[in-house]
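K.L.:
Let me give you the structure first, and then I'll get to my questions.
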Amino acid sequence: MSGPWRAFSAQEEERKRTVPDTVLIKRLYNYVKPFRRNLAIAIIAIVLSSLTGLAAPYMHKVAIDQIIQTGELTNFLWWIPLFALVVLCNFLFQHVQIFQMRIVGENVVSLIRDEIMEKLQVISLRYFSESEMGRIISRPINDANNLRIFLRMGFTSILLDTSSILGAFVIMFMLDFELTLIALSFIPLAIVVVWLLGRYSRRVYRKTLSTLAGLTARMQEDASGIKIIQSFVQEDRARKRFEEAQEENVKANKRALLVSSAYQPVVIMMRIIGSLLILWYGAIFVGSGAITIGTLVAFIEYQFSYFMPLVDLVNVADQYNSAMAAVERLFDLIDAEIEVVEPPPEIAVELK
């Protein structure tokens, strides 16, 4: 990323990423390293949160099969406190992971913004004259915010969803191998549908970000040059250009809203179909005595434990790509070439 800088223009907004993710992640880790203790605590809390979350469906199975079905209701005296403890621990671990990842995200973004501000103090004037100021400002604000959101939520979702999916699969296979295979048979179709919808939504969402950056740049340029606009009586022209930029942003947001409004119903429909599949064959297995009612209930709950995280991982992929693109643009600004270098203090001319 070092070398000649690129002007931040509308074409730059549409530029495809060229730096490998591994390079970006290694460099980003240098900013995370001072807070690796917080990161380690968050990862441990994420794993424990996943384990306690997966324990609840199995405890429901135990309650149905070994307490309700047998009529030994006195066993609820130990089951209820144990279940309450599991739920309490789950909430506690979630709080720890959220708090620790917020510490990491806020501090990492703060370090990057400080470095960007230092670079802007010494960068060449030609850099500003050939770039749109609004787009430069959007780097330490919008792009840094995208990175913060990913560190606070996206990274956590990747670890939590992965551990939840793997844990749910292991427990389901332990409960009943055949019913698990039936439940998993629907996953490829669901992933393809969600991925196709997510792919289109990503393209629409990128357009909204691009038009928003253009609108920000237009507002900044018109506001900073308002004296010149008024001096040359260009108010109508400035208003027209602003309305055009705003109209593009509104159209992009409408398309994004149309996609987002259809996304959740599709996901819910996919989950309902998966649940019906488990209920249909699960009822047959219960009737034949292959599994218990408690096992069927646990399967329905575990279906939610792996299906929604799978959908979430597909969505996080977009958040990850957005964060990596933001990181690349942030590093582009940090690595911008300084054409006029300050002289060493010993030969600098002191003005009195």
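FYI, nothing fancy with the structure tokens labels: chains A, B, ... in order, residues from 1 per chain, ligands from 1 as they appear.
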Tell me, as a VMD selection string, which residues lie within 6 Å of region 292-306 of chain A, counting only C-alpha atoms; anything in the same chain fewer than 6 positions away does not count.

P.N.:
chain A and resid 57 61 64 to 65 165 168 282 286

K.L.:
Export, as a compact mmCIF listing (two decimals), in the first residue's frame, the selected residues with N, CA and C atoms.

P.N.:
```txt
# COMPACT_ATOMS: atom_id res chain seq x y z
N PRO A 57 -31.23 -26.30 25.32
CA PRO A 57 -32.09 -27.28 24.65
C PRO A 57 -31.95 -28.69 25.23
N LYS A 61 -34.78 -31.21 27.01
CA LYS A 61 -34.97 -32.63 26.72
C LYS A 61 -35.02 -33.44 28.01
N ILE A 64 -38.33 -32.93 29.84
CA ILE A 64 -39.48 -33.60 29.24
C ILE A 64 -39.41 -35.11 29.44
N ASP A 65 -38.24 -35.69 29.15
CA ASP A 65 -38.12 -37.15 29.15
C ASP A 65 -37.97 -37.73 30.55
N ILE A 165 -22.66 -23.40 15.78
CA ILE A 165 -22.97 -24.35 14.71
C ILE A 165 -22.30 -25.69 14.96
N ALA A 168 -23.84 -27.42 18.02
CA ALA A 168 -25.18 -27.95 17.75
C ALA A 168 -25.10 -29.23 16.92
N GLY A 282 -39.41 -36.30 12.51
CA GLY A 282 -39.28 -36.52 13.94
C GLY A 282 -40.52 -37.18 14.53
N VAL A 286 -40.66 -40.62 16.52
CA VAL A 286 -41.26 -40.73 17.85
C VAL A 286 -42.31 -41.84 17.87
```

K.L.:
For region 252-254 of chain A, please output as a ChimeraX atom specification all residues within 8 Å (counting only C-alpha atoms; exclusion window: fewer than 6 positions along the same chain).

P.N.:
/A:204-205,207-208,211

K.L.:
Please report the interatomic distance between CA of Phe128 (chain A) and CA of Gly105 (chain A) in Å with one decimal.

P.N.:
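Separating CA of Phe128 (chain A) from CA of Gly105 (chain A) is a distance of 28.7 Å.
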
K.L.:
Identify which of the residues A:Leu159, A:Val32, A:Ile291, A:Val314 lies closest to Ile44 (chain A), counting only C-alpha atoms when measuring atom-to-atom distances.

P.N.:
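The shortest atom-to-atom distance to Ile44 (chain A) comes from A:Leu159.
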
K.L.:
For region 236-329 of chain A against region 178-200 of chain A, with a cut-off of 12 Å and counting only C-alpha atoms, what is the closest atom pair and its distance in Å to one decimal for every residue that makes the cut, ordered by chain and number, as a Markdown table?

P.N.:
```
| residue | atom | partner | partner_atom | distance |
| --- | --- | --- | --- | --- |
| A:Arg255 | CA | A:Tyr200 | CA | 10.4 |
| A:Ala256 | CA | A:Tyr200 | CA | 9.5 |
| A:Leu258 | CA | A:Tyr200 | CA | 11.3 |
| A:Val259 | CA | A:Leu197 | CA | 8.0 |
| A:Ser260 | CA | A:Gly198 | CA | 9.4 |
| A:Ser261 | CA | A:Leu197 | CA | 11.5 |
| A:Ala262 | CA | A:Leu197 | CA | 9.1 |
| A:Tyr263 | CA | A:Leu197 | CA | 7.2 |
| A:Gln264 | CA | A:Val194 | CA | 9.9 |
| A:Pro265 | CA | A:Val194 | CA | 11.1 |
| A:Val266 | CA | A:Val194 | CA | 7.9 |
| A:Val267 | CA | A:Val194 | CA | 7.1 |
| A:Ile268 | CA | A:Ala190 | CA | 10.6 |
| A:Met269 | CA | A:Ala190 | CA | 9.7 |
| A:Met270 | CA | A:Ala190 | CA | 6.2 |
| A:Arg271 | CA | A:Ala190 | CA | 8.4 |
| A:Ile272 | CA | A:Ala190 | CA | 11.1 |
| A:Ile273 | CA | A:Phe186 | CA | 8.5 |
| A:Gly274 | CA | A:Phe186 | CA | 6.4 |
| A:Ser275 | CA | A:Ala183 | CA | 8.3 |
| A:Leu276 | CA | A:Ala183 | CA | 9.8 |
| A:Leu277 | CA | A:Ala183 | CA | 7.0 |
| A:Ile278 | CA | A:Ala183 | CA | 6.0 |
| A:Leu279 | CA | A:Ala183 | CA | 9.8 |
| A:Trp280 | CA | A:Ile182 | CA | 10.4 |
| A:Tyr281 | CA | A:Leu179 | CA | 7.3 |
| A:Gly282 | CA | A:Leu179 | CA | 7.0 |
| A:Ala283 | CA | A:Leu179 | CA | 10.6 |
| A:Ile284 | CA | A:Leu179 | CA | 10.4 |
| A:Phe285 | CA | A:Leu179 | CA | 8.4 |
| A:Val286 | CA | A:Leu179 | CA | 11.0 |
| A:Ala290 | CA | A:Leu179 | CA | 9.9 |
| A:Ile291 | CA | A:Leu179 | CA | 9.3 |
| A:Thr295 | CA | A:Leu179 | CA | 10.2 |
| A:Leu296 | CA | A:Leu179 | CA | 9.2 |
| A:Ala298 | CA | A:Thr180 | CA | 11.5 |
| A:Phe299 | CA | A:Thr180 | CA | 8.2 |
| A:Ile300 | CA | A:Ala183 | CA | 9.5 |
| A:Glu301 | CA | A:Ala183 | CA | 11.9 |
| A:Tyr302 | CA | A:Ala183 | CA | 10.1 |
| A:Gln303 | CA | A:Ala183 | CA | 7.7 |
| A:Phe304 | CA | A:Ala183 | CA | 11.2 |
| A:Tyr306 | CA | A:Ile187 | CA | 9.7 |
| A:Phe307 | CA | A:Ile187 | CA | 7.8 |
| A:Met308 | CA | A:Ala190 | CA | 10.7 |
| A:Pro309 | CA | A:Ile191 | CA | 11.2 |
| A:Leu310 | CA | A:Ile191 | CA | 7.6 |
| A:Val311 | CA | A:Val194 | CA | 6.9 |
| A:Asp312 | CA | A:Val194 | CA | 9.8 |
| A:Leu313 | CA | A:Ile191 | CA | 10.0 |
| A:Val314 | CA | A:Trp195 | CA | 6.4 |
| A:Asn315 | CA | A:Gly198 | CA | 6.8 |
| A:Val316 | CA | A:Gly198 | CA | 10.1 |
| A:Ala317 | CA | A:Gly198 | CA | 9.4 |
| A:Asp318 | CA | A:Gly198 | CA | 7.9 |
| A:Gln319 | CA | A:Gly198 | CA | 11.0 |
| A:Asn321 | CA | A:Arg199 | CA | 11.7 |
```

K.L.:
Excluding Thr52 (chain A) and residues on its chain fewer than 2 positions from it, collect all residues at most 10 Å away from it, counting only C-alpha atoms, and give them as an MDAnalysis selection string.

P.N.:
chainID A and resid 47:50 54:57 83 85:91 93 164

K.L.:
Going by DSSP on the backbone, which bits of region 68-145 of chain A are alpha helix (DSSP H)? Write them as a PyMOL selection string, please.

P.N.:
chain A and resi 76-122+125-129+133-138+144-145

K.L.:
In Å, how far is it from CA of Phe177 (chain A) to CA of Ile68 (chain A)?

P.N.:
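Rounded to one decimal, the two atoms are 24.8 Å apart.
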